[in-house]
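Source file: start_3.pdb (PDB, C-alpha atoms and all ligand atoms)
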```pdb
ATOM      1  CA  MET A   1     -11.175  37.924  36.297  1.00  0.00           C
ATOM      2  CA  SER A   2      -8.001  36.301  37.572  1.00  0.00           C
ATOM      3  CA  LYS A   3      -4.819  36.456  35.572  1.00  0.00           C
ATOM      4  CA  ILE A   4      -2.199  33.710  35.661  1.00  0.00           C
ATOM      5  CA  ASN A   5       1.378  34.913  35.684  1.00  0.00           C
ATOM      6  CA  LEU A   6       4.260  32.598  34.896  1.00  0.00           C
ATOM      7  CA  ASP A   7       7.733  33.842  35.696  1.00  0.00           C
ATOM      8  CA  GLN A   8       9.997  32.333  33.040  1.00  0.00           C
ATOM      9  CA  ASP A   9      13.082  33.514  34.929  1.00  0.00           C
ATOM     10  CA  LYS A  10      12.113  31.156  37.743  1.00  0.00           C
ATOM     11  CA  CYS A  11      10.846  28.259  35.592  1.00  0.00           C
ATOM     12  CA  ILE A  12      13.222  25.295  35.404  1.00  0.00           C
ATOM     13  CA  GLY A  13      11.308  23.634  32.549  1.00  0.00           C
ATOM     14  CA  CYS A  14      10.180  20.610  34.558  1.00  0.00           C
ATOM     15  CA  ASN A  15       7.067  20.182  32.349  1.00  0.00           C
ATOM     16  CA  THR A  16       4.734  19.659  35.329  1.00  0.00           C
ATOM     17  CA  CYS A  17       2.276  22.484  34.676  1.00  0.00           C
ATOM     18  CA  PRO A  18       1.534  21.560  31.020  1.00  0.00           C
ATOM     19  CA  LEU A  19       1.049  17.950  32.127  1.00  0.00           C
ATOM     20  CA  LEU A  20      -1.437  18.945  34.821  1.00  0.00           C
ATOM     21  CA  ASN A  21      -3.307  21.463  32.699  1.00  0.00           C
ATOM     22  CA  PRO A  22      -2.458  21.482  28.976  1.00  0.00           C
ATOM     23  CA  GLU A  23      -5.342  23.884  28.310  1.00  0.00           C
ATOM     24  CA  VAL A  24      -3.647  26.667  30.236  1.00  0.00           C
ATOM     25  CA  PHE A  25       0.079  25.891  30.146  1.00  0.00           C
ATOM     26  CA  GLU A  26       2.453  24.840  27.404  1.00  0.00           C
ATOM     27  CA  MET A  27       6.183  24.494  26.966  1.00  0.00           C
ATOM     28  CA  ASP A  28       7.921  27.164  24.939  1.00  0.00           C
ATOM     29  CA  THR A  29       9.972  25.146  22.470  1.00  0.00           C
ATOM     30  CA  THR A  30      12.573  27.886  22.026  1.00  0.00           C
ATOM     31  CA  THR A  31      13.304  28.582  25.684  1.00  0.00           C
ATOM     32  CA  TYR A  32      12.294  25.159  27.119  1.00  0.00           C
ATOM     33  CA  LYS A  33      10.344  27.016  29.754  1.00  0.00           C
ATOM     34  CA  ALA A  34       6.622  26.956  30.349  1.00  0.00           C
ATOM     35  CA  LYS A  35       4.296  29.732  29.295  1.00  0.00           C
ATOM     36  CA  VAL A  36       0.623  30.537  29.594  1.00  0.00           C
ATOM     37  CA  LYS A  37      -1.130  29.153  26.529  1.00  0.00           C
ATOM     38  CA  SER A  38      -4.477  30.716  27.283  1.00  0.00           C
ATOM     39  CA  GLN A  39      -5.817  32.514  30.319  1.00  0.00           C
ATOM     40  CA  PRO A  40      -8.529  30.435  32.014  1.00  0.00           C
ATOM     41  CA  LYS A  41     -11.876  32.030  32.911  1.00  0.00           C
ATOM     42  CA  THR A  42     -11.560  30.695  36.441  1.00  0.00           C
ATOM     43  CA  VAL A  43      -8.772  29.061  38.408  1.00  0.00           C
ATOM     44  CA  ASP A  44     -10.110  25.513  38.321  1.00  0.00           C
ATOM     45  CA  GLU A  45      -8.754  22.474  40.141  1.00  0.00           C
ATOM     46  CA  ALA A  46      -6.286  21.502  37.391  1.00  0.00           C
ATOM     47  CA  THR A  47      -4.885  25.023  37.244  1.00  0.00           C
ATOM     48  CA  GLN A  48      -4.611  25.286  41.022  1.00  0.00           C
ATOM     49  CA  SER A  49      -2.921  21.911  41.093  1.00  0.00           C
ATOM     50  CA  ALA A  50      -0.346  23.112  38.544  1.00  0.00           C
ATOM     51  CA  ILE A  51       0.282  26.252  40.617  1.00  0.00           C
ATOM     52  CA  ASP A  52       0.715  24.201  43.797  1.00  0.00           C
ATOM     53  CA  SER A  53       2.940  21.625  42.090  1.00  0.00           C
ATOM     54  CA  CYS A  54       5.456  24.025  40.568  1.00  0.00           C
ATOM     55  CA  PRO A  55       8.728  23.229  42.350  1.00  0.00           C
ATOM     56  CA  VAL A  56       9.999  26.811  42.105  1.00  0.00           C
ATOM     57  CA  GLN A  57       6.731  28.720  42.699  1.00  0.00           C
ATOM     58  CA  ALA A  58       6.953  30.345  39.275  1.00  0.00           C
ATOM     59  CA  ILE A  59       3.178  30.520  38.783  1.00  0.00           C
ATOM     60  CA  SER A  60       0.995  33.041  40.556  1.00  0.00           C
ATOM     61  CA  VAL A  61      -2.497  34.410  40.268  1.00  0.00           C
ATOM     62  CA  GLU A  62      -3.285  38.087  40.010  1.00  0.00           C
ATOM     63  CA  ASN A  63      -6.807  39.017  41.058  1.00  0.00           C
TER      64      ASN A  63
HETATM   65  S1  LIG A 101       5.734  23.621  36.957  1.00  0.00           S
HETATM   66 FE1  LIG A 101       6.958  25.487  37.284  1.00  0.00          FE
HETATM   67  S2  LIG A 101       9.074  24.908  36.818  1.00  0.00           S
HETATM   68 FE2  LIG A 101       7.745  23.323  35.985  1.00  0.00          FE
HETATM   69  S3  LIG A 101       7.419  23.898  33.845  1.00  0.00           S
HETATM   70 FE3  LIG A 101       5.718  24.779  35.034  1.00  0.00          FE
HETATM   71  S4  LIG A 101       6.402  26.850  35.606  1.00  0.00           S
HETATM   72 FE4  LIG A 101       8.194  25.705  34.944  1.00  0.00          FE
END
```
Would you mind writing the file's structure down as structure tokens?
Amino acid sequence: MSKINLDQDKCIGCNTCPLLNPEVFEMDTTTYKAKVKSQPKTVDEATQSAIDSCPVQAISVEN
């Protein structure tokens, strides 16, 4: 199973990943950075799109 990692040190809080896949990503209201809400079973199109769209490459997949 793949694991999504989100590096909050890199995240600039642009809100793109929760917009593209609110099932997997959400904004942390204390830090204003994104976090993984729930690990997806597979890296589907919406998740991949969020990974590709992150302006600072903060999201990666661990296989
Ligand atoms: S797309 Fe990247 S920079 Fe934007 S909120 Fe998500 S992790 Fe943070």
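The gap separating atom CA of A:Ile12 from atom CA of A:Thr42 is 25.4 Å, in Å to one decimal.
Distances from A:Val61, A:Ile51, A:Ala46, A:Ile4 to ligand LIG 101 (chain A) were compared using all atoms listed in the file, and the smallest one belongs to A:Ile51.
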Decode the PyMOL selection byres (((chain A and resi 20) around 8) and not hetatm) for the given file into explicit residues and return them as a PDB file with C-alpha atoms, in the frame of the given file.
```pdb
ATOM      1  CA  THR A  16       4.734  19.659  35.329  1.00  0.00           C
ATOM      2  CA  CYS A  17       2.276  22.484  34.676  1.00  0.00           C
ATOM      3  CA  PRO A  18       1.534  21.560  31.020  1.00  0.00           C
ATOM      4  CA  LEU A  19       1.049  17.950  32.127  1.00  0.00           C
ATOM      5  CA  ASN A  21      -3.307  21.463  32.699  1.00  0.00           C
ATOM      6  CA  PRO A  22      -2.458  21.482  28.976  1.00  0.00           C
ATOM      7  CA  ALA A  46      -6.286  21.502  37.391  1.00  0.00           C
ATOM      8  CA  THR A  47      -4.885  25.023  37.244  1.00  0.00           C
ATOM      9  CA  SER A  49      -2.921  21.911  41.093  1.00  0.00           C
ATOM     10  CA  ALA A  50      -0.346  23.112  38.544  1.00  0.00           C
TER      11      ALA A  50
END
```
* To do: Would you translate the PyMOL selection byres (((chain A and resi 35) around 9) and not hetatm) into the concrete set of residues it matches in this file, as number ranges by chain?
  => A: 5-8, 18, 24-28, 33-34, 36-37
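With all atoms listed in the file as the atoms that count, the minimum distance from ligand LIG 101 (chain A) to the choices A:Thr29, A:Ser53, A:Gln39, A:Asn63 is reached by A:Ser53.
With only C-alpha atoms as the atoms that count, the minimum distance from A:Thr31 to the choices A:Glu45, A:Lys3, A:Ser60, A:Cys11 is reached by A:Cys11.
The closest residue to ligand LIG 101 (chain A), picked from A:Met1, A:Thr30, A:Asp44, A:Lys10 and counting only C-alpha atoms and all ligand atoms, is A:Lys10.
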For stretch 59-62 of chain A, I'd like the enclosing box, axis-aligned and padded by 8 Å on every side, reported as JSON with centre and edge lengths in Å to one decimal.
```
{"center_x": -0.1, "center_y": 34.3, "center_z": 39.7, "size_x": 22.5, "size_y": 23.6, "size_z": 17.8}
```
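When all atoms listed in the file are used to measure the gap to ligand LIG 101 (chain A), the shortest distance among A:Glu62, A:Lys41, A:Glu23, A:Cys14 belongs to A:Cys14.
For the residues A:Tyr32, A:Ser2, A:Gly13, A:Ser38, ranking by smallest atom-to-atom distance to ligand LIG 101 (chain A) using only C-alpha atoms and all ligand atoms places A:Gly13 first.
Of note, atom CA of A:Gln48 and atom CA of A:Asn15 are spaced 15.4 Å apart.
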Saving stretch 7-21 of chain A with all heavy atoms, as a tab-separated table (two decimals), in the first residue's frame, what would that file be?
```
chain	number	residue	atom	x	y	z
A	7	ASP	N	4.96	17.17	3.60
A	7	ASP	CA	5.97	17.88	4.37
A	7	ASP	C	5.46	19.28	4.73
A	7	ASP	O	5.45	20.19	3.91
A	7	ASP	CB	7.25	17.97	3.53
A	7	ASP	CG	8.41	18.58	4.31
A	7	ASP	OD1	8.18	19.19	5.37
A	7	ASP	OD2	9.56	18.43	3.84
A	8	GLN	N	5.04	19.43	5.99
A	8	GLN	CA	4.47	20.71	6.41
A	8	GLN	C	5.51	21.83	6.46
A	8	GLN	O	5.15	23.00	6.42
A	8	GLN	CB	3.77	20.57	7.76
A	8	GLN	CG	2.42	19.85	7.65
A	8	GLN	CD	1.51	20.13	8.85
A	8	GLN	OE1	1.98	20.34	9.95
A	8	GLN	NE2	0.21	20.10	8.62
A	9	ASP	N	6.79	21.46	6.53
A	9	ASP	CA	7.83	22.50	6.51
A	9	ASP	C	7.89	23.16	5.13
A	9	ASP	O	8.26	24.32	5.01
A	9	ASP	CB	9.20	21.89	6.86
A	9	ASP	CG	9.27	21.48	8.32
A	9	ASP	OD1	8.50	22.03	9.13
A	9	ASP	OD2	10.09	20.60	8.66
A	10	LYS	N	7.54	22.38	4.11
A	10	LYS	CA	7.57	22.92	2.74
A	10	LYS	C	6.26	23.60	2.38
A	10	LYS	O	6.24	24.54	1.59
A	10	LYS	CB	7.81	21.79	1.74
A	10	LYS	CG	9.23	21.29	1.66
A	10	LYS	CD	9.35	20.34	0.47
A	10	LYS	CE	10.71	19.69	0.39
A	10	LYS	NZ	10.69	18.56	-0.58
A	11	CYS	N	5.15	23.12	2.92
A	11	CYS	CA	3.82	23.62	2.54
A	11	CYS	C	3.70	25.12	2.78
A	11	CYS	O	4.09	25.63	3.83
A	11	CYS	CB	2.76	22.87	3.36
A	11	CYS	SG	1.08	23.49	3.08
A	12	ILE	N	3.14	25.82	1.77
A	12	ILE	CA	2.94	27.26	1.91
A	12	ILE	C	1.45	27.60	2.12
A	12	ILE	O	1.03	28.74	2.01
A	12	ILE	CB	3.49	28.03	0.69
A	12	ILE	CG1	2.88	27.49	-0.61
A	12	ILE	CG2	5.02	27.96	0.65
A	12	ILE	CD1	3.14	28.37	-1.84
A	13	GLY	N	0.65	26.55	2.38
A	13	GLY	CA	-0.76	26.75	2.70
A	13	GLY	C	-1.60	27.30	1.57
A	13	GLY	O	-2.53	28.07	1.80
A	14	CYS	N	-1.30	26.89	0.33
A	14	CYS	CA	-2.01	27.46	-0.82
A	14	CYS	C	-3.42	26.90	-0.99
A	14	CYS	O	-4.19	27.40	-1.80
A	14	CYS	CB	-1.20	27.24	-2.10
A	14	CYS	SG	-1.26	25.53	-2.68
A	15	ASN	N	-3.74	25.83	-0.27
A	15	ASN	CA	-5.09	25.24	-0.28
A	15	ASN	C	-5.43	24.43	-1.55
A	15	ASN	O	-6.57	24.03	-1.74
A	15	ASN	CB	-6.14	26.34	-0.07
A	15	ASN	CG	-7.44	25.79	0.48
A	15	ASN	OD1	-7.44	24.85	1.27
A	15	ASN	ND2	-8.56	26.34	0.05
A	16	THR	N	-4.45	24.21	-2.41
A	16	THR	CA	-4.72	23.49	-3.66
A	16	THR	C	-5.04	22.02	-3.42
A	16	THR	O	-6.01	21.50	-3.97
A	16	THR	CB	-3.51	23.60	-4.61
A	16	THR	OG1	-3.31	24.97	-4.90
A	16	THR	CG2	-3.74	22.83	-5.90
A	17	CYS	N	-4.26	21.35	-2.60
A	17	CYS	CA	-4.48	19.90	-2.46
A	17	CYS	C	-5.83	19.56	-1.82
A	17	CYS	O	-6.51	18.65	-2.32
A	17	CYS	CB	-3.30	19.20	-1.78
A	17	CYS	SG	-2.82	19.81	-0.16
A	18	PRO	N	-6.30	20.28	-0.78
A	18	PRO	CA	-7.64	19.97	-0.27
A	18	PRO	C	-8.74	20.27	-1.28
A	18	PRO	O	-9.78	19.62	-1.28
A	18	PRO	CB	-7.80	20.85	0.96
A	18	PRO	CG	-6.44	21.27	1.32
A	18	PRO	CD	-5.66	21.31	0.05
A	19	LEU	N	-8.50	21.26	-2.15
A	19	LEU	CA	-9.50	21.57	-3.18
A	19	LEU	C	-9.58	20.45	-4.19
A	19	LEU	O	-10.67	20.06	-4.62
A	19	LEU	CB	-9.12	22.87	-3.91
A	19	LEU	CG	-9.60	24.18	-3.32
A	19	LEU	CD1	-9.08	25.34	-4.16
A	19	LEU	CD2	-11.12	24.22	-3.27
A	20	LEU	N	-8.43	19.91	-4.57
A	20	LEU	CA	-8.40	18.85	-5.59
A	20	LEU	C	-8.83	17.50	-5.04
A	20	LEU	O	-9.43	16.71	-5.76
A	20	LEU	CB	-7.01	18.76	-6.22
A	20	LEU	CG	-6.63	19.95	-7.08
A	20	LEU	CD1	-5.17	19.87	-7.51
A	20	LEU	CD2	-7.52	20.03	-8.31
A	21	ASN	N	-8.51	17.23	-3.79
A	21	ASN	CA	-8.97	15.97	-3.19
A	21	ASN	C	-9.25	16.12	-1.69
A	21	ASN	O	-8.40	15.81	-0.84
A	21	ASN	CB	-7.96	14.84	-3.43
A	21	ASN	CG	-8.58	13.50	-3.10
A	21	ASN	OD1	-9.60	13.43	-2.42
A	21	ASN	ND2	-7.97	12.42	-3.57
```
